[in-house]
$ cat structure.tsv   # TSV, C-alpha atoms
chain	number	residue	atom	x	y	z
S	77	MET	CA	0.00	0.00	0.00
S	78	LYS	CA	1.20	3.47	-0.82
S	79	SER	CA	1.28	6.48	1.47
S	80	THR	CA	1.01	10.09	0.44
S	81	THR	CA	0.70	13.39	2.25
S	82	SER	CA	-0.83	15.81	-0.18
S	83	PRO	CA	-3.01	18.92	-0.29
S	84	MET	CA	-6.70	18.18	-0.59
S	85	PRO	CA	-8.62	21.24	-1.83
S	86	ASP	CA	-11.99	20.09	-0.58
S	87	MET	CA	-11.54	16.50	0.62
S	88	ILE	CA	-14.58	15.45	-1.39
S	89	GLN	CA	-14.59	12.25	-3.38
S	90	ALA	CA	-17.80	11.41	-5.23
S	91	SER	CA	-18.83	7.78	-5.28
S	92	ALA	CA	-18.94	6.06	-8.62
S	93	ALA	CA	-22.39	6.23	-10.18
S	94	PRO	CA	-24.29	3.02	-10.93
S	95	ALA	CA	-23.77	1.61	-14.41
S	96	ALA	CA	-27.28	2.62	-15.46
S	97	SER	CA	-26.61	6.32	-14.74
S	98	GLN	CA	-22.87	6.88	-15.28
S	99	ASP	CA	-23.59	10.01	-17.31
S	100	ARG	CA	-25.57	11.63	-14.50
S	101	GLU	CA	-24.15	13.35	-11.43
S	102	PRO	CA	-25.62	12.17	-8.09
S	103	ARG	CA	-28.41	14.47	-6.94
S	104	TYR	CA	-26.74	15.36	-3.63
S	105	LYS	CA	-23.53	16.30	-5.50
S	106	SER	CA	-25.34	18.73	-7.79
S	107	ILE	CA	-27.06	20.33	-4.77
S	108	TYR	CA	-23.67	20.57	-3.05
S	109	GLN	CA	-22.17	22.30	-6.10
S	110	ASP	CA	-25.14	24.68	-6.34
S	111	LEU	CA	-24.81	25.61	-2.66
S	112	ILE	CA	-21.08	26.26	-3.15
S	113	ALA	CA	-21.94	28.57	-6.06
S	114	GLY	CA	-24.44	30.38	-3.82
S	115	ILE	CA	-21.85	30.83	-1.08
S	116	ARG	CA	-19.20	32.13	-3.48
S	117	SER	CA	-21.61	34.54	-5.17
S	118	GLY	CA	-22.70	36.05	-1.86
S	119	GLN	CA	-26.21	34.67	-2.02
S	120	TYR	CA	-25.37	33.05	1.33
S	121	PRO	CA	-23.00	35.54	3.03
S	122	LEU	CA	-20.14	34.52	5.31
S	123	MET	CA	-21.32	33.82	8.89
S	124	SER	CA	-24.97	33.76	7.81
S	125	LEU	CA	-27.17	30.65	8.01
S	126	LEU	CA	-28.13	28.39	5.15
S	127	PRO	CA	-31.87	27.84	4.64
S	128	THR	CA	-33.32	25.06	6.80
S	129	GLU	CA	-33.35	21.46	5.60
S	130	HIS	CA	-37.10	21.77	5.06
S	131	ASP	CA	-36.64	24.85	2.85
S	132	LEU	CA	-33.81	23.24	0.89
S	133	CYS	CA	-35.88	20.09	0.32
S	134	ALA	CA	-38.67	22.25	-1.11
S	135	ARG	CA	-36.32	24.34	-3.21
S	136	TYR	CA	-34.54	21.38	-4.81
S	137	GLN	CA	-37.50	18.99	-4.76
S	138	ALA	CA	-35.26	16.51	-2.99
S	139	SER	CA	-35.55	14.19	-0.01
S	140	ARG	CA	-34.21	15.13	3.39
S	141	HIS	CA	-31.59	12.38	3.09
S	142	THR	CA	-30.29	13.90	-0.18
S	143	VAL	CA	-30.12	17.41	1.28
S	144	ARG	CA	-28.34	16.16	4.39
S	145	GLU	CA	-25.74	14.41	2.23
S	146	ALA	CA	-25.07	17.67	0.36
S	147	ILE	CA	-24.69	19.55	3.65
S	148	ARG	CA	-22.41	16.80	4.95
S	149	LEU	CA	-20.08	17.42	2.01
S	150	LEU	CA	-20.07	21.15	2.76
S	151	THR	CA	-19.27	20.39	6.40
S	152	GLU	CA	-16.40	18.04	5.50
S	153	ALA	CA	-15.06	20.69	3.12
S	154	GLY	CA	-14.88	23.14	6.04
S	155	MET	CA	-17.28	25.62	4.42
S	156	VAL	CA	-20.12	25.31	6.93
S	157	SER	CA	-20.63	24.22	10.53
S	158	ARG	CA	-23.75	22.69	12.01
S	159	ARG	CA	-24.89	23.83	15.45
S	160	ALA	CA	-27.77	22.28	17.34
S	161	GLY	CA	-30.56	24.79	17.88
S	162	VAL	CA	-28.86	27.34	15.60
S	163	GLY	CA	-28.59	25.92	12.08
S	164	THR	CA	-25.94	25.56	9.39
S	165	ARG	CA	-23.58	28.54	9.36
S	166	ILE	CA	-21.32	29.65	6.51
S	167	GLU	CA	-17.70	29.48	7.72
S	168	ALA	CA	-15.68	29.92	4.51
S	169	VAL	CA	-16.19	31.07	0.93
S	170	LYS	CA	-13.97	28.30	-0.43
S	171	PRO	CA	-12.78	24.99	1.00
S	172	PRO	CA	-9.68	25.50	3.17
S	173	THR	CA	-6.58	23.48	2.34
S	174	ARG	CA	-6.27	20.25	4.29
S	175	TYR	CA	-3.67	17.54	4.33
S	176	THR	CA	-4.28	13.82	4.45
S	177	GLN	CA	-1.81	11.56	6.21
S	178	ARG	CA	-2.24	7.97	5.06
S	179	ILE	CA	-0.30	5.38	7.03
S	180	SER	CA	-0.12	1.68	6.22
S	181	GLN	CA	3.42	0.88	7.37
S	182	LEU	CA	6.24	2.48	9.36
S	183	ALA	CA	8.04	3.64	6.20
S	184	ASP	CA	4.98	5.75	5.31
S	185	LEU	CA	5.25	7.60	8.61
S	186	PHE	CA	8.94	8.35	8.13
S	187	LEU	CA	8.27	9.62	4.60
S	188	TYR	CA	5.63	12.02	5.92
S	189	ILE	CA	7.96	13.26	8.68
S	190	GLN	CA	10.77	13.79	6.18
S	191	ASN	CA	8.53	15.94	3.97
S	192	ALA	CA	7.40	18.17	6.83
S	193	ASP	CA	9.11	21.53	7.25
S	194	LEU	CA	9.70	22.51	10.89
S	195	ARG	CA	10.25	26.13	11.94
S	196	LEU	CA	11.97	26.11	15.32
S	197	ARG	CA	10.66	28.23	18.18
S	198	ASP	CA	12.72	26.94	21.08
S	199	VAL	CA	15.30	24.26	22.01
S	200	ARG	CA	16.20	23.80	25.67
S	201	THR	CA	16.79	21.26	28.41
S	202	ILE	CA	13.92	20.81	30.85
S	203	LYS	CA	13.28	18.86	34.01
S	204	ALA	CA	10.15	16.81	33.42
S	205	ASN	CA	7.23	17.86	35.58
S	206	VAL	CA	4.67	15.32	36.78
S	207	ARG	CA	2.52	15.59	33.63
S	208	GLN	CA	5.53	15.37	31.32
S	209	ALA	CA	6.99	12.45	33.28
S	210	GLU	CA	3.75	10.52	32.76
S	211	LEU	CA	3.88	11.32	29.05
S	212	LEU	CA	7.53	10.26	28.74
S	213	GLY	CA	7.45	7.26	31.07
S	214	CYS	CA	10.31	8.64	33.15
S	215	PRO	CA	10.87	9.77	36.77
S	216	PRO	CA	9.85	13.37	37.58
S	217	LYS	CA	12.65	15.94	37.28
S	218	GLN	CA	14.62	13.82	34.80
S	219	GLU	CA	16.25	16.07	32.20
S	220	TRP	CA	15.07	15.79	28.59
S	221	LEU	CA	15.80	17.92	25.55
S	222	HIS	CA	12.63	19.88	24.68
S	223	VAL	CA	12.01	21.20	21.15
S	224	ARG	CA	9.10	23.45	20.13
S	225	ALA	CA	8.30	24.23	16.49
S	226	VAL	CA	5.54	24.94	14.02
S	227	LYS	CA	5.08	22.64	11.05
S	228	LEU	CA	4.56	23.58	7.41
S	229	LEU	CA	3.47	21.20	4.67
S	230	GLY	CA	3.09	21.31	0.92
S	231	GLY	CA	5.22	24.43	0.47
S	232	THR	CA	2.74	26.61	2.36
S	233	SER	CA	3.73	29.59	4.52
S	234	THR	CA	0.85	29.13	6.98
S	235	PRO	CA	1.53	26.78	9.91
S	236	VAL	CA	-0.58	23.62	9.85
S	237	ALA	CA	0.57	22.19	13.18
S	238	TYR	CA	2.31	22.97	16.45
S	239	SER	CA	4.88	20.41	17.52
S	240	GLU	CA	6.63	19.59	20.79
S	241	ALA	CA	9.38	16.99	20.90
S	242	PHE	CA	11.12	15.43	23.89
S	243	VAL	CA	14.49	13.75	23.28
S	244	HIS	CA	15.71	11.18	25.82
S	245	PRO	CA	18.80	12.41	27.73
S	246	ASP	CA	20.91	9.60	26.24
S	247	TYR	CA	20.47	11.24	22.82
S	248	ALA	CA	20.58	14.91	23.78
S	249	ALA	CA	23.83	15.50	21.88
S	250	ILE	CA	21.78	15.97	18.69
S	251	ARG	CA	20.98	19.43	20.07
S	252	ASP	CA	23.83	21.07	18.15
S	253	ASP	CA	22.40	19.88	14.82
S	254	ILE	CA	18.75	20.77	15.42
S	255	GLY	CA	17.84	23.57	13.05
S	256	LYS	CA	21.16	23.32	11.21
S	257	VAL	CA	20.72	19.93	9.55
S	258	ARG	CA	17.53	19.44	7.53
S	259	MET	CA	16.70	16.06	8.99
S	260	PRO	CA	13.87	14.78	11.22
S	261	LEU	CA	14.77	14.32	14.90
S	262	SER	CA	14.26	10.56	14.58
S	263	ALA	CA	16.77	10.44	11.72
S	264	LEU	CA	19.23	12.62	13.67
S	265	ILE	CA	19.14	10.16	16.55
S	266	GLU	CA	19.64	7.20	14.22
S	267	SER	CA	22.58	8.82	12.42
S	268	HIS	CA	24.32	10.10	15.57
S	269	TYR	CA	24.05	6.92	17.59
S	270	SER	CA	23.82	4.15	14.98
S	271	GLN	CA	20.48	3.25	16.50
S	272	ARG	CA	17.42	2.05	14.63
S	273	ILE	CA	13.87	3.00	15.51
S	274	ARG	CA	11.95	-0.27	15.51
S	275	GLU	CA	8.54	0.76	16.76
S	276	VAL	CA	6.38	3.89	16.91
S	277	GLY	CA	3.37	4.04	19.22
S	278	GLN	CA	0.62	6.53	18.41
S	279	ASP	CA	-2.13	8.07	20.54
S	280	PHE	CA	-4.89	10.35	19.25
S	281	ALA	CA	-6.89	12.92	21.20
S	282	ALA	CA	-9.11	15.93	20.61
S	283	THR	CA	-8.69	19.13	22.59
S	284	PRO	CA	-9.40	22.88	22.37
S	285	ILE	CA	-6.23	24.69	21.27
S	286	PRO	CA	-4.96	27.00	24.07
S	287	LYS	CA	-4.40	30.69	23.41
S	288	ALA	CA	-0.58	30.70	23.22
S	289	MET	CA	-0.55	27.79	20.77
S	290	ALA	CA	-3.45	29.27	18.77
S	291	GLU	CA	-1.41	32.43	18.21
S	292	GLN	CA	1.41	30.36	16.72
S	293	LEU	CA	-1.07	28.56	14.44
S	294	ARG	CA	-2.97	31.74	13.53
S	295	VAL	CA	-6.32	30.36	14.63
S	296	ALA	CA	-8.86	31.43	17.24
S	297	PRO	CA	-8.27	30.23	20.83
S	298	LYS	CA	-10.23	27.08	21.73
S	299	THR	CA	-10.38	25.98	18.09
S	300	ALA	CA	-10.88	22.20	18.01
S	301	GLY	CA	-7.54	20.44	17.62
S	302	LEU	CA	-6.36	16.94	16.71
S	303	VAL	CA	-3.42	15.87	18.89
S	304	ILE	CA	-1.15	13.03	17.77
S	305	THR	CA	1.37	11.74	20.32
S	306	ARG	CA	4.11	9.47	19.00
S	307	ARG	CA	6.64	7.49	21.00
S	308	TYR	CA	9.70	6.21	19.12
S	309	TYR	CA	11.35	3.07	20.50
S	310	GLY	CA	14.64	1.35	19.78
S	311	GLU	CA	15.83	-1.64	21.79
S	312	GLN	CA	14.77	-0.22	25.16
S	313	THR	CA	11.35	0.08	26.76
S	314	ILE	CA	11.84	3.83	27.35
S	315	PRO	CA	11.19	5.91	24.22
S	316	MET	CA	14.12	7.56	22.48
S	317	LEU	CA	11.88	10.37	21.29
S	318	VAL	CA	8.35	11.56	22.04
S	319	THR	CA	6.51	14.05	19.84
S	320	VAL	CA	3.20	15.79	20.48
S	321	THR	CA	1.73	17.44	17.38
S	322	THR	CA	-1.45	19.53	17.43
S	323	PHE	CA	-3.38	20.24	14.22
S	324	PRO	CA	-6.35	22.59	13.91
S	325	HIS	CA	-9.27	20.32	13.01
S	326	ASP	CA	-9.60	21.81	9.50
S	327	LYS	CA	-5.93	21.29	8.57
S	328	MET	CA	-5.42	17.55	8.77
S	329	LYS	CA	-7.20	14.31	8.02
S	330	TYR	CA	-5.61	11.08	9.21
S	331	SER	CA	-6.23	7.93	7.19
S	332	MET	CA	-5.09	4.43	8.11
S	333	SER	CA	-5.33	1.24	6.09
S	334	LEU	CA	-5.71	-2.11	7.85
S	335	GLN	CA	-5.36	-5.56	6.28
S	336	VAL	CA	-7.14	-8.56	7.71
S	337	ASP	CA	-4.81	-11.55	7.88
S	338	TRP	CA	-7.25	-14.42	8.18
S	339	PRO	CA	-5.81	-17.78	9.30
S	340	ALA	CA	-5.47	-20.32	6.50

$ encode --input "structure.tsv" --output "C-alpha cells"
Amino acid sequence: MKSTTSPMPDMIQASAAPAASQDREPRYKSIYQDLIAGIRSGQYPLMSLLPTEHDLCARYQASRHTVREAIRLLTEAGMVSRRAGVGTRIEAVKPPTRYTQRISQLADLFLYIQNADLRLRDVRTIKANVRQAELLGCPPKQEWLHVRAVKLLGGTSTPVAYSEAFVHPDYAAIRDDIGKVRMPLSALIESHYSQRIREVGQDFAATPIPKAMAEQLRVAPKTAGLVITRRYYGEQTIPMLVTVTTFPHDKMKYSMSLQVDWPA
C-alpha cells in the first residue's frame, strides 16, 4: 500500500455512479455544487445561516436524506458548521486546504515526517514535571531535551501544526544539529548513535487549542484540535523520542489502512 501526504482542496470524493446512470451526477452532489456557487456569489453571506433542511428540500424537490448528504459534504469541506438549535452557518467562501496523512506501514510515517518543514521556536533542556513524566514514562525531574516548532506542509507559509518533541537524555547530543541539519529528529538520533527505531506508538486525542498555541497557528483560541502523540522506540522500553503534534481540526485528516490476515 502506498502512502502520500498531499493537499486536498476540498476532501470530497464522489462515489462512482451506478452503471445505469454513469452520465448523471448524483443528486446530492449537484445540490452541493449549487450551494457552493451560492456561497461564493454572496447569495449566502459569510457567517450567515443556510436555509433550513425543510426549505432546501422544497427548493430542490429533494428528499431530506439527499439534502443532508449535500450539507455533509459542505461540512467536511470546512465551508459550513452545524450547530444544534442554531442551524448551518457559513464558515468559509472556499474549501480550506487540508492535508491527508495515510499510514499503512512504518516507512509511510517516516516519509511524511521527512517531507514536513519545521520552523523552530525553542530548544532547551527541561526537568520533566509530573505531567511530562507521565507522558515520557520517566521519573519526575529527569532532564530531557525539549524542542518546540511549528510545522509547514506542501510548500505553504501558513503553519498547519504545532509540535513539541522530547528527546531522551541519552540522545541529547543531537541538540547542536537541530535547526542546522535538515533532517527529522528521529533520523538525527539514528545517524548520531547508529540506533534504529523499531517501533512507533501513536495516541490520538481531541482538545481545544490553548491561546498561546493558537497564536502560533494563527487560529482562534479554543479551536478544536487533533493531537497526535508518537513514541519512538529502539531496543529499550523507554522511548528515544516523544513528539506531540497539534493540528487545527480543519488542517489535517488522518487515514489508516488495515489488512485482515485471516488464518489459513

$ closest_residue --input "structure.tsv" --among "S:Met316, S:Leu126, S:Val236, S:Leu302" --to "Gln271 in chain S" --atoms "only C-alpha atoms"
S:Met316

$ atom_distance --input "structure.tsv" --atom1 "CA of Ala204 in chain S" --atom2 "CA of Ala249 in chain S"
17.9 Å

$ axis_aligned_box --input "structure.tsv" --around "range 139-146 of chain S" --padding-each-side "8 Å" --output "AutoDock Vina command-line options"
--center_x -30.3 --center_y 15.0 --center_z 2.1 --size_x 26.5 --size_y 21.3 --size_z 20.6

$ residues_around --input "structure.tsv" --residues "Arg251 in chain S" --least-positions-apart "2" --cutoff "10 Å" --atoms "all atoms listed in the file" --output "list in words"
Val199, Arg200, Thr201, Leu221, His222, Val223, Val243, Tyr247, Ala248, Ala249, Asp253, Ile254, Gly255, Lys256, Leu261 and Leu264 of chain S

$ closest_residue --input "structure.tsv" --among "S:Thr128, S:Thr164, S:Thr313, S:Gln292" --to "Thr234 in chain S" --atoms "only C-alpha atoms"
S:Gln292

$ atom_distance --input "structure.tsv" --atom1 "CA of Ala138 in chain S" --atom2 "CA of Gly114 in chain S"
17.6 Å

$ closest_residue --input "structure.tsv" --among "S:Leu212, S:Cys133, S:Ala300, S:Val295" --to "Glu145 in chain S" --atoms "all atoms listed in the file"
S:Cys133

$ atom_distance --input "structure.tsv" --atom1 "CA of Asn205 in chain S" --atom2 "CA of Ala237 in chain S"
23.8 Å

$ residues_around --input "structure.tsv" --residues "Arg159 in chain S" --least-positions-apart "6" --cutoff "12 Å" --atoms "only C-alpha atoms" --output "list of chain:residue names"
S:Leu125, S:Leu126, S:Thr151, S:Arg165, S:Ile166, S:Glu167

$ residues_near_point --input "structure.tsv" --point "(13.0, 0.6, 12.2)" --cutoff "8 Å" --atoms "all atoms listed in the file" --output "PyMOL selection string"
chain S and resi 182+272-275+310

$ residues_around --input "structure.tsv" --residues "Glu129 in chain S" --least-positions-apart "4" --cutoff "9 Å" --atoms "all atoms listed in the file" --output "list of chain:residue names"
S:Cys133, S:Ala134, S:Arg140, S:Val143, S:Arg144

$ closest_residue --input "structure.tsv" --among "S:Arg135, S:Lys217, S:Arg116, S:His244" --to "Leu317 in chain S" --atoms "only C-alpha atoms"
S:His244

$ closest_residue --input "structure.tsv" --among "S:Leu122, S:Ala290, S:Ala209, S:Ile147" --to "Ile107 in chain S" --atoms "all atoms listed in the file"
S:Ile147

$ decode --input "structure.tsv" --residues "range 156-170 of chain S" --atoms "N, CA and C atoms" --output "compact mmCIF listing (two decimals), in the first residue's frame"
# COMPACT_ATOMS: atom_id res chain seq x y z
N VAL S 156 -19.01 25.03 6.03
CA VAL S 156 -20.12 25.31 6.93
C VAL S 156 -19.90 24.54 8.23
N SER S 157 -20.60 24.96 9.27
CA SER S 157 -20.63 24.22 10.53
C SER S 157 -22.08 24.08 10.95
N ARG S 158 -22.38 22.95 11.58
CA ARG S 158 -23.75 22.69 12.01
C ARG S 158 -23.82 22.80 13.53
N ARG S 159 -24.76 23.60 14.02
CA ARG S 159 -24.89 23.83 15.45
C ARG S 159 -26.31 23.53 15.88
N ALA S 160 -26.44 22.65 16.87
CA ALA S 160 -27.77 22.28 17.34
C ALA S 160 -28.51 23.51 17.87
N GLY S 161 -29.74 23.67 17.43
CA GLY S 161 -30.56 24.79 17.88
C GLY S 161 -30.25 26.10 17.17
N VAL S 162 -29.23 26.11 16.32
CA VAL S 162 -28.86 27.34 15.60
C VAL S 162 -29.09 27.17 14.11
N GLY S 163 -28.46 26.15 13.52
CA GLY S 163 -28.59 25.92 12.08
C GLY S 163 -27.24 25.67 11.46
N THR S 164 -27.17 25.80 10.14
CA THR S 164 -25.94 25.56 9.39
C THR S 164 -25.35 26.91 8.99
N ARG S 165 -24.18 27.22 9.55
CA ARG S 165 -23.58 28.54 9.36
C ARG S 165 -22.46 28.50 8.34
N ILE S 166 -22.38 29.54 7.51
CA ILE S 166 -21.32 29.65 6.51
C ILE S 166 -20.03 30.05 7.20
N GLU S 167 -18.98 29.23 7.06
CA GLU S 167 -17.70 29.48 7.72
C GLU S 167 -16.60 29.92 6.76
N ALA S 168 -16.72 29.57 5.48
CA ALA S 168 -15.68 29.92 4.51
C ALA S 168 -16.28 30.01 3.12
N VAL S 169 -15.70 30.88 2.29
CA VAL S 169 -16.19 31.07 0.93
C VAL S 169 -15.65 29.99 0.00
N LYS S 170 -14.51 29.40 0.36
CA LYS S 170 -13.97 28.30 -0.43
C LYS S 170 -13.39 27.27 0.53
